[in-house]
Protein chains: 2
Amino acid sequence: MNAGRTARDRARAELTLEIKDTARRQLAIEGAARLSLRAVSRELGMVSSALYRYFPSRDELLTALIIDAYDALGAAAEQAARQDQDPRTNWQAVCRAVRAWAVAHPHEYALIYGSPVAGYSAPPSTIQPASRVATVLLGLIRQAHEAGILAPLVDAPAPSGVLAEQIAGLAASAAPGVPAKVLTRAVIAWTQLFGMISFELFGQLVGSVDPSEPFFDHATAQMADFLGLPPVA
Amino acid sequence: MNAGRTARDRARAELTLEIKDTARRQLAIEGAARLSLRAVSRELGMVSSALYRYFPSRDELLTALIIDAYDALGAAAEQAARQDQDPRTNWQAVCRAVRAWAVAHPHEYALIYGSPVAGYSAPPSTIQPASRVATVLLGLIRQAHEAGILAPLVDAPAPSGVLAEQIAGLAASAAPGVPAKVLTRAVIAWTQLFGMISFELFGQLVGSVDPSEPFFDHATAQMADFLGLPPVA
DNA sequence: GGCGTGTCAAGAGCAGTGCTCTCGATTAAG
DNA sequence: CTTAATCGAGAGCACTGCTCTTGACACGCC
């Protein structure tokens with residue numbers, strides 16, 4: 001991909017990366033809402049108007065950062081799941097990788113999982129990168145199901161009505177064959193995972209389970225049980 | 001409390017309320033990050049500098065709004081729990097009330113449970129109001145435990161190490177006597193509840209379980225099971 | 001080689017922001 | 001009644017995102 005044709009093209013690509021890097025650094029200091037194009041341009045030794053040659057607006061720059069963040073988190077999650085590990089170990093590894101990325105990049109995490117930035121609505125191009133973590137988690141469950149090692153959820157209530165349809169749609173697109181009961185619990189575990197991370201990063205756990213790594217590991221283990229992922233032999 | 005002595009005091013209290021109301025309306029339109037003192041003052045027919053007589057800075061106004069939001073949500077949660085209802089019904093009622101408040105006041109919810117506002121750190125005065133919902137939920141569990149109707153969690157792993165100490169601290173301050181296993185799961189259910197609501201409000205559920213009310217009710221019911229809250233007779 | 005076309009950074013300028021200061025007018029307290 | 005505190009108004013500072021124009025530069029075609 002680095003077969004940039006002309007020198008201008010290569011310079012442009014490089015500067016685009018440099019702008020995003022600087023913006024990311026700004027993000028870590030000021031937060032998404034206070035991301036200032038002028039400050040970015042100042043740090044780069046450019047004039048603010050020059051930035052608009054690369055990003056037509058502040059929102060477009062934000063979108064680029066959002067997509068990059070989703071992709072980085074998605075990549076971290078995908079890398080954590082290993083072929084030679086059992087699904088339960090993989091489940092916990094992915095959860096831990098997601099948290100580790102979030103803790104290492106709190107402002108980028110806030111950018112994608114925090115309150116939406118005012119006056120900004122995410123374009124459709126963010127949907128696919130945004131779904132990567134969920135895809136990895138569902139893939140693990142599907143894998144466990146196909147291996148026949150998922151414990152049957154005899155006590156779990158089956159979804160009904162609208163929820164049943166939604167779960168069926170989810171199954172069709174991401175985890176064919178996986179029982180609705182399991183899939184429903186997977187969505188619950190998914191929301192629990194990110195609720196936990198958000199609470200930790202946004203300071204809601206201070207005074208109760210902070211530091212929260214022990215709680216995190218315990219919770220992901222219980223969620224693995226909840227899903228019927230068998231304990232390691 | 002309305003025995004404001006002088007006319008000036010009463011006018012001041014009234015204007016303070018009016019400023020917060022207008023700011024809240026602004027919040028609903030623009031979001032927290034774009035809350036503009038000038039816009040608030042314009043809507044009130046005042047000059048922007050006059051606002052500083054009432055709130056020394058934008059952050060102080062934000063703090064007031066945050067505390068009000070925590071209190072409103074806490075009140076909604078407290079009102080949802082009724083003496084004449086069984087704990088499980090109360091659990092679901094409180095969860096539903098929290099979600100209903102969040103859906104009705106999405107920007108205020110984002111203000112308190114979303115990403116922290118850049119350059120703003122919540123003062124200690126917000127801690128107490130922030131804990132009201134958790135206190136209500138823990139109170140329900142404590143009540144169920146003292147009534148002896150909590151199902152024993154035979155399959156649940158007990159917390160150990162640091163987590164066990166944190167849970168013990170939680171028990172001492174908010175739910176004496178409640179078993180550590182139950183309390184640990186309560187924290188999990190707590191994070192799940194707010195993770196679910198945040199995902200719904202922040203648009204993360206679009207494409208999967210949206211609209212999310214059926215999922216919400218199903219999830220809170222499963223979390224009630226998870227905690228050992230017995231089904232209604 | 002030279003020449004047009006498109007890209008580039010620079011700068012001025014607009015409307016908006018939070019915040020500070022000073023200025024008279026009003027009001028409460030001594 | 002007098003004094004001190006409080007009030008709203010207004011000007012002004014430094015900052016923001018963004019637009020528009022200007023002049024310089026590099027590329028590709030002839």
# chains A, B, ... in the order shown; residues from 1 in each chain; ligands from 1
>>> closest_atom_pairs(of="range 45-81 of chain A", to="range 13-29 of chain D", cutoff="9 Å", atoms="only C-alpha atoms (C1' of nucleotides)", output="tab-separated table")
residue	atom	partner	partner_atom	distance
A:Ser49	CA	D:DC18	C1'	8.4
A:Ser57	CA	D:DC18	C1'	8.2
A:Arg58	CA	D:DG17	C1'	7.7
>>> select_by_dssp(residues="range 26-196 of chain B", states="helix (DSSP H, G or I)", output="PyMOL selection string")
chain B and resi 26-30+32-34+37-44+48-51+58-80+87-104+106-113+124-130+132-146+161-174+180-196
>>> interface_residues(of="chain A", to="chain D", cutoff="12 Å", atoms="only C-alpha atoms (C1' of nucleotides)", output="ChimeraX atom specification")
/A:5-9,33-39,48-52,56-59
>>> calpha_fit_and_write(fixed="chain B", moving="chain A", output="PDB file with C-alpha atoms, in the first residue's frame")
ATOM      1  CA  MET A   1     -37.202  26.480  53.108  1.00  0.00           C
ATOM      2  CA  ASN A   2     -38.946  29.242  51.193  1.00  0.00           C
ATOM      3  CA  ALA A   3     -38.762  31.621  54.113  1.00  0.00           C
ATOM      4  CA  GLY A   4     -36.308  33.714  52.145  1.00  0.00           C
ATOM      5  CA  ARG A   5     -35.744  36.736  54.233  1.00  0.00           C
ATOM      6  CA  THR A   6     -35.228  39.693  52.033  1.00  0.00           C
ATOM      7  CA  ALA A   7     -36.626  40.347  48.594  1.00  0.00           C
ATOM      8  CA  ARG A   8     -33.109  40.211  47.230  1.00  0.00           C
ATOM      9  CA  ASP A   9     -32.549  36.745  48.598  1.00  0.00           C
ATOM     10  CA  ARG A  10     -35.758  35.491  47.073  1.00  0.00           C
ATOM     11  CA  ALA A  11     -34.965  37.039  43.715  1.00  0.00           C
ATOM     12  CA  ARG A  12     -31.528  35.501  43.799  1.00  0.00           C
ATOM     13  CA  ALA A  13     -32.839  32.024  44.578  1.00  0.00           C
ATOM     14  CA  GLU A  14     -35.418  32.303  41.840  1.00  0.00           C
ATOM     15  CA  LEU A  15     -32.924  33.476  39.253  1.00  0.00           C
ATOM     16  CA  THR A  16     -30.555  30.672  40.236  1.00  0.00           C
ATOM     17  CA  LEU A  17     -33.275  28.161  39.478  1.00  0.00           C
ATOM     18  CA  GLU A  18     -34.103  29.916  36.245  1.00  0.00           C
ATOM     19  CA  ILE A  19     -30.475  29.805  35.152  1.00  0.00           C
ATOM     20  CA  LYS A  20     -30.271  26.081  35.863  1.00  0.00           C
ATOM     21  CA  ASP A  21     -33.489  25.442  33.978  1.00  0.00           C
ATOM     22  CA  THR A  22     -32.277  27.359  30.974  1.00  0.00           C
ATOM     23  CA  ALA A  23     -28.925  25.609  31.133  1.00  0.00           C
ATOM     24  CA  ARG A  24     -30.718  22.266  31.234  1.00  0.00           C
ATOM     25  CA  ARG A  25     -32.645  23.228  28.127  1.00  0.00           C
ATOM     26  CA  GLN A  26     -29.379  24.218  26.484  1.00  0.00           C
ATOM     27  CA  LEU A  27     -27.933  20.886  27.551  1.00  0.00           C
ATOM     28  CA  ALA A  28     -30.685  19.039  25.750  1.00  0.00           C
ATOM     29  CA  ILE A  29     -29.948  20.924  22.555  1.00  0.00           C
ATOM     30  CA  GLU A  30     -26.190  21.232  22.515  1.00  0.00           C
ATOM     31  CA  GLY A  31     -24.858  18.700  24.989  1.00  0.00           C
ATOM     32  CA  ALA A  32     -22.673  19.253  27.998  1.00  0.00           C
ATOM     33  CA  ALA A  33     -19.490  20.137  26.181  1.00  0.00           C
ATOM     34  CA  ARG A  34     -21.174  22.897  24.224  1.00  0.00           C
ATOM     35  CA  LEU A  35     -23.014  24.419  27.128  1.00  0.00           C
ATOM     36  CA  SER A  36     -22.523  28.107  26.555  1.00  0.00           C
ATOM     37  CA  LEU A  37     -22.921  30.663  29.302  1.00  0.00           C
ATOM     38  CA  ARG A  38     -23.514  33.339  26.736  1.00  0.00           C
ATOM     39  CA  ALA A  39     -26.348  31.405  25.150  1.00  0.00           C
ATOM     40  CA  VAL A  40     -27.923  30.867  28.566  1.00  0.00           C
ATOM     41  CA  SER A  41     -27.638  34.528  29.409  1.00  0.00           C
ATOM     42  CA  ARG A  42     -29.032  35.485  26.019  1.00  0.00           C
ATOM     43  CA  GLU A  43     -32.097  33.324  26.541  1.00  0.00           C
ATOM     44  CA  LEU A  44     -32.579  34.900  29.948  1.00  0.00           C
ATOM     45  CA  GLY A  45     -32.225  38.407  28.580  1.00  0.00           C
ATOM     46  CA  MET A  46     -29.208  39.057  30.726  1.00  0.00           C
ATOM     47  CA  VAL A  47     -25.653  39.936  29.938  1.00  0.00           C
ATOM     48  CA  SER A  48     -23.178  37.078  30.150  1.00  0.00           C
ATOM     49  CA  SER A  49     -21.092  38.599  32.884  1.00  0.00           C
ATOM     50  CA  ALA A  50     -24.100  38.782  35.160  1.00  0.00           C
ATOM     51  CA  LEU A  51     -24.206  35.010  35.299  1.00  0.00           C
ATOM     52  CA  TYR A  52     -20.944  34.991  37.182  1.00  0.00           C
ATOM     53  CA  ARG A  53     -22.711  36.557  40.125  1.00  0.00           C
ATOM     54  CA  TYR A  54     -24.618  33.307  40.467  1.00  0.00           C
ATOM     55  CA  PHE A  55     -22.106  30.725  39.313  1.00  0.00           C
ATOM     56  CA  PRO A  56     -18.440  31.614  39.633  1.00  0.00           C
ATOM     57  CA  SER A  57     -17.561  29.560  36.557  1.00  0.00           C
ATOM     58  CA  ARG A  58     -18.951  27.342  33.894  1.00  0.00           C
ATOM     59  CA  ASP A  59     -17.694  24.350  35.850  1.00  0.00           C
ATOM     60  CA  GLU A  60     -19.657  25.358  38.925  1.00  0.00           C
ATOM     61  CA  LEU A  61     -22.811  25.547  36.850  1.00  0.00           C
ATOM     62  CA  LEU A  62     -22.017  22.101  35.464  1.00  0.00           C
ATOM     63  CA  THR A  63     -21.504  20.777  38.969  1.00  0.00           C
ATOM     64  CA  ALA A  64     -24.889  22.118  40.006  1.00  0.00           C
ATOM     65  CA  LEU A  65     -26.509  20.428  37.001  1.00  0.00           C
ATOM     66  CA  ILE A  66     -24.684  17.174  37.757  1.00  0.00           C
ATOM     67  CA  ILE A  67     -25.815  17.126  41.354  1.00  0.00           C
ATOM     68  CA  ASP A  68     -29.369  17.937  40.312  1.00  0.00           C
ATOM     69  CA  ALA A  69     -29.273  15.089  37.789  1.00  0.00           C
ATOM     70  CA  TYR A  70     -27.953  12.575  40.307  1.00  0.00           C
ATOM     71  CA  ASP A  71     -30.599  13.686  42.750  1.00  0.00           C
ATOM     72  CA  ALA A  72     -33.401  13.458  40.223  1.00  0.00           C
ATOM     73  CA  LEU A  73     -32.325   9.982  39.165  1.00  0.00           C
ATOM     74  CA  GLY A  74     -31.854   8.934  42.777  1.00  0.00           C
ATOM     75  CA  ALA A  75     -35.295  10.199  43.677  1.00  0.00           C
ATOM     76  CA  ALA A  76     -36.836   8.336  40.761  1.00  0.00           C
ATOM     77  CA  ALA A  77     -35.129   5.135  41.876  1.00  0.00           C
ATOM     78  CA  GLU A  78     -36.165   5.585  45.495  1.00  0.00           C
ATOM     79  CA  GLN A  79     -39.737   6.270  44.540  1.00  0.00           C
ATOM     80  CA  ALA A  80     -39.938   3.115  42.448  1.00  0.00           C
ATOM     81  CA  ALA A  81     -39.269   0.827  45.401  1.00  0.00           C
ATOM     82  CA  ARG A  82     -42.445   0.238  47.373  1.00  0.00           C
ATOM     83  CA  GLN A  83     -42.823  -1.180  50.808  1.00  0.00           C
ATOM     84  CA  ASP A  84     -45.728  -3.413  49.847  1.00  0.00           C
ATOM     85  CA  GLN A  85     -43.944  -5.104  46.961  1.00  0.00           C
ATOM     86  CA  ASP A  86     -41.699  -8.129  47.049  1.00  0.00           C
ATOM     87  CA  PRO A  87     -37.971  -7.493  46.469  1.00  0.00           C
ATOM     88  CA  ARG A  88     -37.880  -8.987  42.989  1.00  0.00           C
ATOM     89  CA  THR A  89     -40.721  -6.786  41.778  1.00  0.00           C
ATOM     90  CA  ASN A  90     -39.034  -3.840  43.422  1.00  0.00           C
ATOM     91  CA  TRP A  91     -35.732  -4.710  41.761  1.00  0.00           C
ATOM     92  CA  GLN A  92     -37.289  -4.649  38.347  1.00  0.00           C
ATOM     93  CA  ALA A  93     -39.292  -1.534  39.163  1.00  0.00           C
ATOM     94  CA  VAL A  94     -36.164   0.340  40.204  1.00  0.00           C
ATOM     95  CA  CYS A  95     -34.287  -0.793  37.099  1.00  0.00           C
ATOM     96  CA  ARG A  96     -37.171   0.306  34.929  1.00  0.00           C
ATOM     97  CA  ALA A  97     -37.402   3.641  36.713  1.00  0.00           C
ATOM     98  CA  VAL A  98     -33.714   4.266  36.180  1.00  0.00           C
ATOM     99  CA  ARG A  99     -34.037   3.498  32.495  1.00  0.00           C
ATOM    100  CA  ALA A 100     -37.196   5.575  32.176  1.00  0.00           C
ATOM    101  CA  TRP A 101     -35.471   8.575  33.710  1.00  0.00           C
ATOM    102  CA  ALA A 102     -32.470   8.087  31.456  1.00  0.00           C
ATOM    103  CA  VAL A 103     -34.623   7.851  28.342  1.00  0.00           C
ATOM    104  CA  ALA A 104     -36.571  10.939  29.389  1.00  0.00           C
ATOM    105  CA  HIS A 105     -33.400  12.917  30.172  1.00  0.00           C
ATOM    106  CA  PRO A 106     -30.757  11.531  27.839  1.00  0.00           C
ATOM    107  CA  HIS A 107     -28.467  14.545  28.006  1.00  0.00           C
ATOM    108  CA  GLU A 108     -28.555  14.696  31.767  1.00  0.00           C
ATOM    109  CA  TYR A 109     -27.842  10.976  31.853  1.00  0.00           C
ATOM    110  CA  ALA A 110     -24.902  11.505  29.513  1.00  0.00           C
ATOM    111  CA  LEU A 111     -23.729  14.262  31.791  1.00  0.00           C
ATOM    112  CA  ILE A 112     -23.402  11.941  34.760  1.00  0.00           C
ATOM    113  CA  TYR A 113     -22.749   8.515  33.223  1.00  0.00           C
ATOM    114  CA  GLY A 114     -21.083   9.458  29.947  1.00  0.00           C
ATOM    115  CA  SER A 115     -17.526  10.428  29.308  1.00  0.00           C
ATOM    116  CA  PRO A 116     -16.247  12.961  31.794  1.00  0.00           C
ATOM    117  CA  VAL A 117     -16.373  16.502  30.493  1.00  0.00           C
ATOM    118  CA  ALA A 118     -12.906  17.609  29.383  1.00  0.00           C
ATOM    119  CA  GLY A 119     -11.011  19.697  31.865  1.00  0.00           C
ATOM    120  CA  TYR A 120     -13.660  19.128  34.490  1.00  0.00           C
ATOM    121  CA  SER A 121     -13.243  16.962  37.526  1.00  0.00           C
ATOM    122  CA  ALA A 122     -16.220  16.245  39.698  1.00  0.00           C
ATOM    123  CA  PRO A 123     -15.951  17.763  43.174  1.00  0.00           C
ATOM    124  CA  PRO A 124     -16.511  15.564  46.255  1.00  0.00           C
ATOM    125  CA  SER A 125     -19.958  17.050  46.717  1.00  0.00           C
ATOM    126  CA  THR A 126     -21.179  14.872  43.860  1.00  0.00           C
ATOM    127  CA  ILE A 127     -20.212  11.583  45.509  1.00  0.00           C
ATOM    128  CA  GLN A 128     -23.152  11.296  47.862  1.00  0.00           C
ATOM    129  CA  PRO A 129     -25.869  12.053  45.272  1.00  0.00           C
ATOM    130  CA  ALA A 130     -24.099   9.736  42.852  1.00  0.00           C
ATOM    131  CA  SER A 131     -24.473   6.770  45.168  1.00  0.00           C
ATOM    132  CA  ARG A 132     -28.209   6.964  45.667  1.00  0.00           C
ATOM    133  CA  VAL A 133     -29.201   4.472  42.973  1.00  0.00           C
ATOM    134  CA  ALA A 134     -26.654   1.927  44.139  1.00  0.00           C
ATOM    135  CA  THR A 135     -27.854   2.419  47.691  1.00  0.00           C
ATOM    136  CA  VAL A 136     -31.431   1.692  46.680  1.00  0.00           C
ATOM    137  CA  LEU A 137     -30.440  -1.475  44.813  1.00  0.00           C
ATOM    138  CA  LEU A 138     -28.277  -2.738  47.656  1.00  0.00           C
ATOM    139  CA  GLY A 139     -31.064  -1.898  50.092  1.00  0.00           C
ATOM    140  CA  LEU A 140     -33.445  -4.152  48.188  1.00  0.00           C
ATOM    141  CA  ILE A 141     -30.994  -7.016  48.321  1.00  0.00           C
ATOM    142  CA  ARG A 142     -30.342  -6.466  51.985  1.00  0.00           C
ATOM    143  CA  GLN A 143     -34.061  -6.451  52.616  1.00  0.00           C
ATOM    144  CA  ALA A 144     -34.510  -9.707  50.729  1.00  0.00           C
ATOM    145  CA  HIS A 145     -31.636 -11.259  52.607  1.00  0.00           C
ATOM    146  CA  GLU A 146     -32.992 -10.213  55.983  1.00  0.00           C
ATOM    147  CA  ALA A 147     -36.372 -11.615  55.024  1.00  0.00           C
ATOM    148  CA  GLY A 148     -34.602 -14.902  54.355  1.00  0.00           C
ATOM    149  CA  ILE A 149     -35.948 -15.214  50.840  1.00  0.00           C
ATOM    150  CA  LEU A 150     -32.674 -14.976  48.912  1.00  0.00           C
ATOM    151  CA  ALA A 151     -31.952 -18.221  47.091  1.00  0.00           C
ATOM    152  CA  PRO A 152     -28.531 -19.544  48.102  1.00  0.00           C
ATOM    153  CA  LEU A 153     -25.964 -19.131  45.349  1.00  0.00           C
ATOM    154  CA  VAL A 154     -24.422 -22.590  45.503  1.00  0.00           C
ATOM    155  CA  ASP A 155     -22.797 -22.414  42.082  1.00  0.00           C
ATOM    156  CA  ALA A 156     -21.378 -18.924  42.416  1.00  0.00           C
ATOM    157  CA  PRO A 157     -17.663 -18.595  43.106  1.00  0.00           C
ATOM    158  CA  ALA A 158     -16.775 -16.649  46.225  1.00  0.00           C
ATOM    159  CA  PRO A 159     -14.612 -13.532  45.779  1.00  0.00           C
ATOM    160  CA  SER A 160     -11.080 -13.819  47.068  1.00  0.00           C
ATOM    161  CA  GLY A 161      -8.089 -11.626  47.711  1.00  0.00           C
ATOM    162  CA  VAL A 162      -8.416  -7.909  47.097  1.00  0.00           C
ATOM    163  CA  LEU A 163     -11.918  -8.302  45.718  1.00  0.00           C
ATOM    164  CA  ALA A 164     -13.038 -10.047  48.892  1.00  0.00           C
ATOM    165  CA  GLU A 165     -11.785  -7.100  50.926  1.00  0.00           C
ATOM    166  CA  GLN A 166     -13.527  -4.594  48.676  1.00  0.00           C
ATOM    167  CA  ILE A 167     -16.774  -6.524  48.888  1.00  0.00           C
ATOM    168  CA  ALA A 168     -16.420  -6.719  52.641  1.00  0.00           C
ATOM    169  CA  GLY A 169     -15.994  -2.959  52.757  1.00  0.00           C
ATOM    170  CA  LEU A 170     -19.083  -2.527  50.647  1.00  0.00           C
ATOM    171  CA  ALA A 171     -21.035  -4.833  52.924  1.00  0.00           C
ATOM    172  CA  ALA A 172     -19.922  -2.967  56.023  1.00  0.00           C
ATOM    173  CA  SER A 173     -21.037   0.395  54.662  1.00  0.00           C
ATOM    174  CA  ALA A 174     -24.190  -0.473  52.771  1.00  0.00           C
ATOM    175  CA  ALA A 175     -25.417  -4.027  53.240  1.00  0.00           C
ATOM    176  CA  PRO A 176     -24.289  -5.622  56.493  1.00  0.00           C
ATOM    177  CA  GLY A 177     -24.894  -9.344  56.702  1.00  0.00           C
ATOM    178  CA  VAL A 178     -25.418  -9.928  53.004  1.00  0.00           C
ATOM    179  CA  PRO A 179     -23.174 -12.765  51.775  1.00  0.00           C
ATOM    180  CA  ALA A 180     -20.162 -11.768  49.714  1.00  0.00           C
ATOM    181  CA  LYS A 181     -21.276 -13.960  46.811  1.00  0.00           C
ATOM    182  CA  VAL A 182     -24.531 -12.049  46.540  1.00  0.00           C
ATOM    183  CA  LEU A 183     -22.870  -8.671  46.890  1.00  0.00           C
ATOM    184  CA  THR A 184     -20.360  -9.473  44.197  1.00  0.00           C
ATOM    185  CA  ARG A 185     -23.140 -10.399  41.845  1.00  0.00           C
ATOM    186  CA  ALA A 186     -24.963  -7.242  42.794  1.00  0.00           C
ATOM    187  CA  VAL A 187     -22.021  -5.189  41.573  1.00  0.00           C
ATOM    188  CA  ILE A 188     -22.042  -7.201  38.349  1.00  0.00           C
ATOM    189  CA  ALA A 189     -25.768  -6.584  37.916  1.00  0.00           C
ATOM    190  CA  TRP A 190     -25.245  -2.903  38.686  1.00  0.00           C
ATOM    191  CA  THR A 191     -22.629  -2.527  35.956  1.00  0.00           C
ATOM    192  CA  GLN A 192     -24.807  -4.532  33.583  1.00  0.00           C
ATOM    193  CA  LEU A 193     -27.774  -2.264  34.208  1.00  0.00           C
ATOM    194  CA  PHE A 194     -25.930   0.925  33.415  1.00  0.00           C
ATOM    195  CA  GLY A 195     -23.984  -0.655  30.578  1.00  0.00           C
ATOM    196  CA  MET A 196     -27.273  -1.586  28.988  1.00  0.00           C
ATOM    197  CA  ILE A 197     -28.772   1.879  29.416  1.00  0.00           C
ATOM    198  CA  SER A 198     -25.635   3.597  28.169  1.00  0.00           C
ATOM    199  CA  PHE A 199     -25.508   1.363  25.116  1.00  0.00           C
ATOM    200  CA  GLU A 200     -29.127   2.141  24.359  1.00  0.00           C
ATOM    201  CA  LEU A 201     -28.783   5.897  24.754  1.00  0.00           C
ATOM    202  CA  PHE A 202     -25.440   6.156  23.030  1.00  0.00           C
ATOM    203  CA  GLY A 203     -26.610   4.249  20.000  1.00  0.00           C
ATOM    204  CA  GLN A 204     -24.586   1.097  20.458  1.00  0.00           C
ATOM    205  CA  LEU A 205     -27.575  -1.204  20.289  1.00  0.00           C
ATOM    206  CA  VAL A 206     -28.751  -0.020  16.894  1.00  0.00           C
ATOM    207  CA  GLY A 207     -28.826  -3.019  14.618  1.00  0.00           C
ATOM    208  CA  SER A 208     -29.067  -5.645  17.332  1.00  0.00           C
ATOM    209  CA  VAL A 209     -31.641  -5.278  20.111  1.00  0.00           C
ATOM    210  CA  ASP A 210     -33.151  -1.930  19.234  1.00  0.00           C
ATOM    211  CA  PRO A 211     -35.834  -1.047  20.345  1.00  0.00           C
ATOM    212  CA  SER A 212     -34.454  -2.312  23.558  1.00  0.00           C
ATOM    213  CA  GLU A 213     -37.271  -2.329  26.066  1.00  0.00           C
ATOM    214  CA  PRO A 214     -37.993  -6.053  25.635  1.00  0.00           C
ATOM    215  CA  PHE A 215     -34.319  -6.846  26.021  1.00  0.00           C
ATOM    216  CA  PHE A 216     -34.117  -4.550  29.025  1.00  0.00           C
ATOM    217  CA  ASP A 217     -36.935  -6.291  30.867  1.00  0.00           C
ATOM    218  CA  HIS A 218     -35.573  -9.692  30.011  1.00  0.00           C
ATOM    219  CA  ALA A 219     -32.092  -8.746  31.181  1.00  0.00           C
ATOM    220  CA  THR A 220     -33.219  -7.312  34.500  1.00  0.00           C
ATOM    221  CA  ALA A 221     -35.241 -10.457  35.114  1.00  0.00           C
ATOM    222  CA  GLN A 222     -32.224 -12.639  34.414  1.00  0.00           C
ATOM    223  CA  MET A 223     -30.114 -10.458  36.666  1.00  0.00           C
ATOM    224  CA  ALA A 224     -32.710 -10.883  39.403  1.00  0.00           C
ATOM    225  CA  ASP A 225     -32.356 -14.642  38.972  1.00  0.00           C
ATOM    226  CA  PHE A 226     -28.594 -14.176  38.979  1.00  0.00           C
ATOM    227  CA  LEU A 227     -28.844 -12.521  42.388  1.00  0.00           C
ATOM    228  CA  GLY A 228     -31.121 -15.161  43.829  1.00  0.00           C
ATOM    229  CA  LEU A 229     -34.140 -12.890  44.053  1.00  0.00           C
ATOM    230  CA  PRO A 230     -37.021 -15.347  44.122  1.00  0.00           C
ATOM    231  CA  PRO A 231     -39.730 -15.210  41.452  1.00  0.00           C
ATOM    232  CA  VAL A 232     -43.042 -13.795  42.562  1.00  0.00           C
ATOM    233  CA  ALA A 233     -45.212 -16.434  44.137  1.00  0.00           C
TER     234      ALA A 233
END
>>> closest_atom_pairs(of="chain C", to="chain A", cutoff="10 Å", atoms="only C-alpha atoms (C1' of nucleotides)", output="JSON lines")
{"residue": "C:DT7", "atom": "C1'", "partner": "A:Arg8", "partner_atom": "CA", "distance": 9.0}
{"residue": "C:DC8", "atom": "C1'", "partner": "A:Ala50", "partner_atom": "CA", "distance": 8.1}
{"residue": "C:DA9", "atom": "C1'", "partner": "A:Ala50", "partner_atom": "CA", "distance": 5.9}
{"residue": "C:DA10", "atom": "C1'", "partner": "A:Val47", "partner_atom": "CA", "distance": 6.9}
{"residue": "C:DG11", "atom": "C1'", "partner": "A:Val47", "partner_atom": "CA", "distance": 8.9}
>>> write_last_selection(atoms="C-alpha atoms (C1' of nucleotides)", output="mmCIF file, in the first residue's frame")
data_model
loop_
_atom_site.group_PDB
_atom_site.id
_atom_site.type_symbol
_atom_site.label_atom_id
_atom_site.label_comp_id
_atom_site.auth_asym_id
_atom_site.auth_seq_id
_atom_site.Cartn_x
_atom_site.Cartn_y
_atom_site.Cartn_z
ATOM 1 C "C1'" DT C 7 -2.639 21.561 -4.941
ATOM 2 C "C1'" DC C 8 -0.534 23.765 -1.230
ATOM 3 C "C1'" DA C 9 0.282 27.027 3.012
ATOM 4 C "C1'" DA C 10 -0.542 31.527 4.494
ATOM 5 C "C1'" DG C 11 -3.224 35.235 6.185
#
